[in-house]
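S.K.: Sharing target32.txt here; it has compact mmCIF, C-alpha atoms.
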# COMPACT_ATOMS: atom_id res chain seq x y z
CA MET J 1 48.44 -71.50 106.87
CA PRO J 2 45.22 -69.53 106.45
CA SER J 3 43.91 -69.06 102.93
CA PRO J 4 43.96 -65.58 101.38
CA PHE J 5 40.88 -63.39 101.94
CA TRP J 6 39.80 -63.64 98.30
CA MET J 7 39.58 -67.41 98.49
CA SER J 8 36.74 -67.21 101.02
CA ALA J 9 34.82 -64.94 98.64
CA LEU J 10 34.96 -67.66 95.99
CA ALA J 11 33.86 -70.49 98.27
CA PRO J 12 30.74 -72.16 96.80
CA THR J 13 29.14 -72.82 100.16
CA GLN J 14 28.98 -69.16 101.13
CA SER J 15 25.71 -67.48 100.16
CA VAL J 16 25.85 -63.86 99.09
CA ALA J 17 23.07 -61.45 100.00
CA PRO J 18 21.46 -59.81 96.97
CA ASP J 19 22.78 -56.40 95.97
CA LEU J 20 20.02 -53.95 96.87
CA THR J 21 21.88 -50.85 95.73
CA THR J 22 20.38 -50.64 92.26
CA ASP J 23 16.79 -50.04 91.29
CA GLN J 24 16.80 -53.25 89.27
CA SER J 25 17.84 -55.31 92.28
CA LEU J 26 15.26 -53.60 94.48
CA ILE J 27 12.54 -54.31 91.93
CA ALA J 28 13.60 -57.95 91.77
CA ALA J 29 13.50 -58.15 95.57
CA TYR J 30 10.05 -56.55 95.63
CA ARG J 31 8.78 -59.03 93.06
CA GLU J 32 9.96 -61.79 95.40
CA GLY J 33 7.90 -60.30 98.23
CA ASP J 34 10.34 -57.97 100.00
CA GLU J 35 8.22 -54.96 101.03
CA ARG J 36 11.33 -53.14 102.29
CA ALA J 37 12.54 -52.96 98.69
CA ALA J 38 9.36 -51.09 97.73
CA ALA J 39 9.85 -48.70 100.64
CA GLU J 40 13.42 -48.04 99.49
CA LEU J 41 12.26 -47.33 95.93
CA VAL J 42 9.67 -44.87 97.23
CA ALA J 43 12.28 -43.22 99.47
CA ARG J 44 14.67 -42.88 96.52
CA HIS J 45 12.24 -41.51 93.98
CA GLY J 46 9.22 -40.02 95.76
CA ALA J 47 10.70 -36.54 96.21
CA ALA J 48 11.81 -36.43 92.56
CA VAL J 49 8.30 -37.34 91.41
CA ARG J 50 6.93 -34.59 93.66
CA ARG J 51 9.34 -31.96 92.26
CA PHE J 52 8.54 -33.02 88.71
CA LEU J 53 4.77 -32.82 89.21
CA TYR J 54 5.03 -29.47 91.00
CA SER J 55 7.22 -28.04 88.24
CA SER J 56 4.80 -29.38 85.65
CA GLY J 57 2.01 -27.30 87.16
CA ALA J 58 0.30 -29.67 89.58
CA ASP J 59 -1.94 -27.99 92.12
CA THR J 60 -0.09 -27.88 95.45
CA ASP J 61 -3.22 -29.02 97.30
CA GLU J 62 -3.31 -32.21 95.23
CA LEU J 63 0.42 -32.86 95.01
CA ASP J 64 0.56 -35.58 97.67
CA ASP J 65 -2.36 -37.42 96.08
CA LEU J 66 -0.74 -37.22 92.64
CA VAL J 67 2.57 -38.57 93.94
CA GLN J 68 0.78 -41.41 95.72
CA GLU J 69 -1.27 -42.24 92.62
CA THR J 70 1.86 -42.18 90.45
CA LEU J 71 3.64 -44.63 92.74
CA PHE J 72 0.53 -46.79 93.07
CA ARG J 73 0.19 -47.05 89.27
CA ALA J 74 3.89 -47.79 88.89
CA PHE J 75 3.90 -50.65 91.39
CA ARG J 76 0.68 -52.03 89.94
CA ARG J 77 2.27 -52.06 86.46
CA LEU J 78 5.81 -52.93 87.49
CA ASP J 79 5.92 -55.80 85.00
CA SER J 80 5.60 -53.29 82.14
CA TRP J 81 8.91 -51.58 83.06
CA ARG J 82 11.43 -53.08 80.67
CA GLY J 83 14.50 -51.29 81.97
CA GLU J 84 15.11 -49.40 78.71
CA SER J 85 15.12 -46.15 80.66
CA SER J 86 15.88 -45.54 84.30
CA PHE J 87 13.22 -46.43 86.82
CA ARG J 88 12.98 -42.76 87.84
CA SER J 89 12.38 -41.64 84.25
CA TRP J 90 9.66 -44.27 83.95
CA LEU J 91 8.04 -42.98 87.16
CA LEU J 92 8.18 -39.39 85.90
CA THR J 93 6.55 -40.45 82.65
CA ILE J 94 3.71 -42.08 84.60
CA GLY J 95 3.35 -38.92 86.71
CA GLY J 96 3.30 -36.71 83.63
CA ASN J 97 0.63 -38.86 82.02
CA LEU J 98 -1.43 -38.75 85.20
CA LEU J 99 -1.18 -34.96 85.26
CA LYS J 100 -2.26 -34.76 81.60
CA ASP J 101 -5.24 -37.01 82.32
CA GLN J 102 -6.21 -34.78 85.22
CA ALA J 103 -5.95 -31.63 83.07
CA ARG J 104 -8.15 -33.18 80.38
CA SER J 105 -10.81 -34.15 82.91
CA ARG J 106 -10.87 -30.61 84.34
CA LYS J 107 -10.84 -28.72 81.07
CA GLY J 108 -13.03 -25.65 81.41
CA ARG J 109 -13.27 -25.78 85.22
CA HIS J 110 -11.29 -23.44 87.47
CA HIS J 111 -10.55 -23.98 91.16
CA VAL J 112 -9.54 -21.07 93.37
CA ALA J 113 -8.14 -21.77 96.84
CA LEU J 114 -9.41 -19.39 99.52
CA ASP J 115 -7.30 -20.52 102.47
CA SER J 116 -5.22 -17.92 104.30
CA GLN J 117 -1.50 -18.13 104.87
CA GLU J 118 0.23 -17.18 108.10
CA ILE J 119 3.47 -15.19 108.00
CA ALA J 120 6.25 -16.64 110.14
CA ALA J 121 7.96 -14.39 112.68
CA GLY J 122 11.12 -12.82 111.26
CA ALA J 123 10.07 -13.48 107.67
CA ASP J 124 10.77 -10.96 104.93
CA PRO J 125 7.38 -10.69 103.22
CA HIS J 126 8.76 -8.63 100.33
CA HIS J 127 11.50 -11.15 99.57
CA ASP J 128 9.11 -14.08 99.96
CA PHE J 129 6.57 -12.40 97.72
CA ALA J 130 9.15 -11.66 95.01
CA ARG J 131 10.52 -15.20 95.14
CA GLY J 132 7.03 -16.66 95.05
CA GLU J 133 6.12 -14.41 92.13
CA ILE J 134 9.16 -15.59 90.13
CA GLU J 135 8.43 -19.23 90.95
CA GLU J 136 4.83 -18.80 89.87
CA ARG J 137 5.85 -17.07 86.62
CA LEU J 138 8.25 -19.93 85.91
CA ARG J 139 5.59 -22.56 86.68
CA GLN J 140 3.09 -20.77 84.44
CA GLU J 141 5.57 -20.49 81.59
CA LEU J 142 6.57 -24.15 81.99
CA SER J 143 2.93 -25.17 81.83
CA GLN J 144 2.59 -23.25 78.54
CA LEU J 145 5.47 -25.10 76.88
CA PRO J 146 4.57 -27.96 74.56
CA ARG J 147 4.50 -31.21 76.54
CA LEU J 148 7.72 -32.66 75.11
CA GLN J 149 9.65 -29.42 75.64
CA ARG J 150 8.45 -29.20 79.25
CA ASP J 151 9.14 -32.85 80.03
CA VAL J 152 12.59 -32.80 78.44
CA PHE J 153 13.46 -29.55 80.21
CA LEU J 154 12.39 -30.86 83.62
CA LEU J 155 14.11 -34.21 83.20
CA ARG J 156 17.31 -32.50 82.10
CA ALA J 157 17.40 -29.36 84.28
CA GLN J 158 15.73 -30.63 87.43
CA HIS J 159 16.80 -34.26 87.46
CA GLY J 160 20.10 -34.13 85.52
CA ARG J 161 19.12 -36.90 83.10
CA GLU J 162 21.17 -37.63 80.01
CA TYR J 163 19.56 -37.11 76.61
CA ALA J 164 19.61 -40.85 75.81
CA ASP J 165 17.74 -41.63 79.03
CA ILE J 166 15.25 -38.81 78.37
CA ALA J 167 14.71 -40.04 74.82
CA SER J 168 14.05 -43.56 76.00
CA ALA J 169 11.61 -42.40 78.68
CA LEU J 170 9.68 -40.12 76.32
CA GLY J 171 9.74 -42.27 73.20
CA THR J 172 11.86 -39.95 71.08
CA THR J 173 15.48 -39.67 69.96
CA ALA J 174 18.39 -38.12 71.83
CA GLY J 175 18.76 -35.52 69.06
CA ALA J 176 15.09 -34.55 69.32
CA ALA J 177 15.43 -34.31 73.10
CA ARG J 178 18.32 -31.86 72.63
CA VAL J 179 16.23 -29.74 70.28
CA HIS J 180 13.25 -29.72 72.67
CA TYR J 181 15.55 -28.72 75.54
CA HIS J 182 17.11 -25.92 73.48
CA HIS J 183 13.69 -24.50 72.54
CA ALA J 184 12.46 -24.69 76.14
CA VAL J 185 15.54 -22.87 77.46
CA LYS J 186 15.22 -20.22 74.76
CA ARG J 187 11.58 -19.56 75.62
CA LEU J 188 12.25 -19.42 79.35
CA LYS J 189 15.15 -16.99 78.83
CA GLU J 190 12.83 -14.72 76.87
CA LEU J 191 10.43 -14.71 79.81
CA PHE J 192 13.04 -13.38 82.21
CA ARG J 193 14.53 -10.63 80.02
How does this structure look as structure tokens?
M.R.:
Amino acid sequence: MPSPFWMSALAPTQSVAPDLTTDQSLIAAYREGDERAAAELVARHGAAVRRFLYSSGADTDELDDLVQETLFRAFRRLDSWRGESSFRSWLLTIGGNLLKDQARSRKGRHHVALDSQEIAAGADPHHDFARGEIEERLRQELSQLPRLQRDVFLLRAQHGREYADIASALGTTAGAARVHYHHAVKRLKELFR
């Protein structure tokens, strides 16, 4: 009589492949030399880092470099991630710090891009212009928010993070994160009245 299916799962001789569905397990696999785990982490979180940096006011011409530098710094300092916040929140914190460093180094200098943009066939230039104008107004207003308000707002609104996770990533409390989010929303609503 064959043994039940669950008995084979408990057999001590059967080796189980590591669970690579969580960030923690991917990080552990990367630390053991699995480069595919690093590629998976980048695939999971690279776009979110890009959205965060763009929304935080990063120059679009430098966005790819900023994302790459954020990921490079994260993997170089992977041992400093303690798992108190999510891996993504930790990456976004590194990206935000990189952006602040860049702003400090450029203080007083202004860069104006002079490249032309082509209009695609069938495009509605008026609609595209209006949408672009609103996006730019939002980006400008976000960049004027105090750092904690902006970071909390982006982590909550753009990435759907819980207040406890935001608090852990930003070194504050969940209650303070709620207050910062409330103030950011209030200020942004005033902009669009």
S.K.: Ranking J:Leu148, J:Leu26, J:Leu53, J:Leu98 by minimum distance to Glu40 of chain J and counting all atoms listed in the file, which one comes first?
M.R.: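 Distance minimum relative to Glu40 of chain J lands on J:Leu26.
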S.K.: Quick check, in Å to one decimal: how far apart do atom CA of Glu84 of chain J and atom CA of Arg50 of chain J lie?
M.R.: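 According to the coordinates, atom CA of Glu84 of chain J and atom CA of Arg50 of chain J are separated by 22.6 Å.
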S.K.: Report, in Å with one decimal, the straight-line distance from atom CA of Ala176 of chain J to atom CA of Ser80 of chain J.
M.R.: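 According to the coordinates, atom CA of Ala176 of chain J and atom CA of Ser80 of chain J are separated by 24.6 Å.
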S.K.: Would you mind reading off the distance between atom CA of Asp151 of chain J and atom CA of Gly96 of chain J, one decimal, in Å?
M.R.: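 That distance, rounded to one decimal, is 7.9 Å.
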S.K.: Using only C-alpha atoms, which of J:Leu92, J:Ala29, J:Leu78, J:Leu66 sits nearest Val49 of chain J?
M.R.: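 Distance minimum relative to Val49 of chain J lands on J:Leu92.
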S.K.: Hey, could you make a per-residue contact list for segment 34-72 of chain J against segment 131-147 of chain J with 10 Å as the cut-off, showing the nearest pair of atoms and its distance in Å to one decimal, counting only C-alpha atoms, sorted by chain and number, as a Markdown table?
M.R.:
| residue | atom | partner | partner_atom | distance |
| --- | --- | --- | --- | --- |
| J:Tyr54 | CA | J:Arg139 | CA | 8.2 |
| J:Ser55 | CA | J:Arg139 | CA | 5.9 |
| J:Ser56 | CA | J:Ser143 | CA | 6.0 |
| J:Gly57 | CA | J:Ser143 | CA | 5.8 |
| J:Ala58 | CA | J:Arg139 | CA | 9.3 |
S.K.: Can you pull out the residues contacting Ala167 of chain J? Cut-off 10 Å, using only C-alpha atoms, and skip same-chain residues under 3 positions away; I want them as a PyMOL selection string.
M.R.: chain J and resi 85+89+152+161-164+170-178
S.K.: Any chance you could export the current selection's C-alpha atoms as a tab-separated table (two decimals), in the frame of the given file?
M.R.:
chain	number	residue	atom	x	y	z
J	85	SER	CA	15.12	-46.15	80.66
J	89	SER	CA	12.38	-41.64	84.25
J	152	VAL	CA	12.59	-32.80	78.44
J	161	ARG	CA	19.12	-36.90	83.10
J	162	GLU	CA	21.17	-37.63	80.01
J	163	TYR	CA	19.56	-37.11	76.61
J	164	ALA	CA	19.61	-40.85	75.81
J	170	LEU	CA	9.68	-40.12	76.32
J	171	GLY	CA	9.74	-42.27	73.20
J	172	THR	CA	11.86	-39.95	71.08
J	173	THR	CA	15.48	-39.67	69.96
J	174	ALA	CA	18.39	-38.12	71.83
J	175	GLY	CA	18.76	-35.52	69.06
J	176	ALA	CA	15.09	-34.55	69.32
J	177	ALA	CA	15.43	-34.31	73.10
J	178	ARG	CA	18.32	-31.86	72.63
S.K.: Which is closer to Gly160 of chain J than all the others in J:Ala103, J:Asp23, J:Asn97, J:Ala48, using only C-alpha atoms?
M.R.: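 When distances to Gly160 of chain J are compared using only C-alpha atoms, the smallest one comes from J:Ala48.
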S.K.: Taking 5 positions as the minimum chain separation for residues in the same chain, which residues sit within 12 Å of Ala28 of chain J when counting all atoms listed in the file? Answer as a ChimeraX atom specification.
M.R.: /J:18-23,33-38,41,78-79,81,83
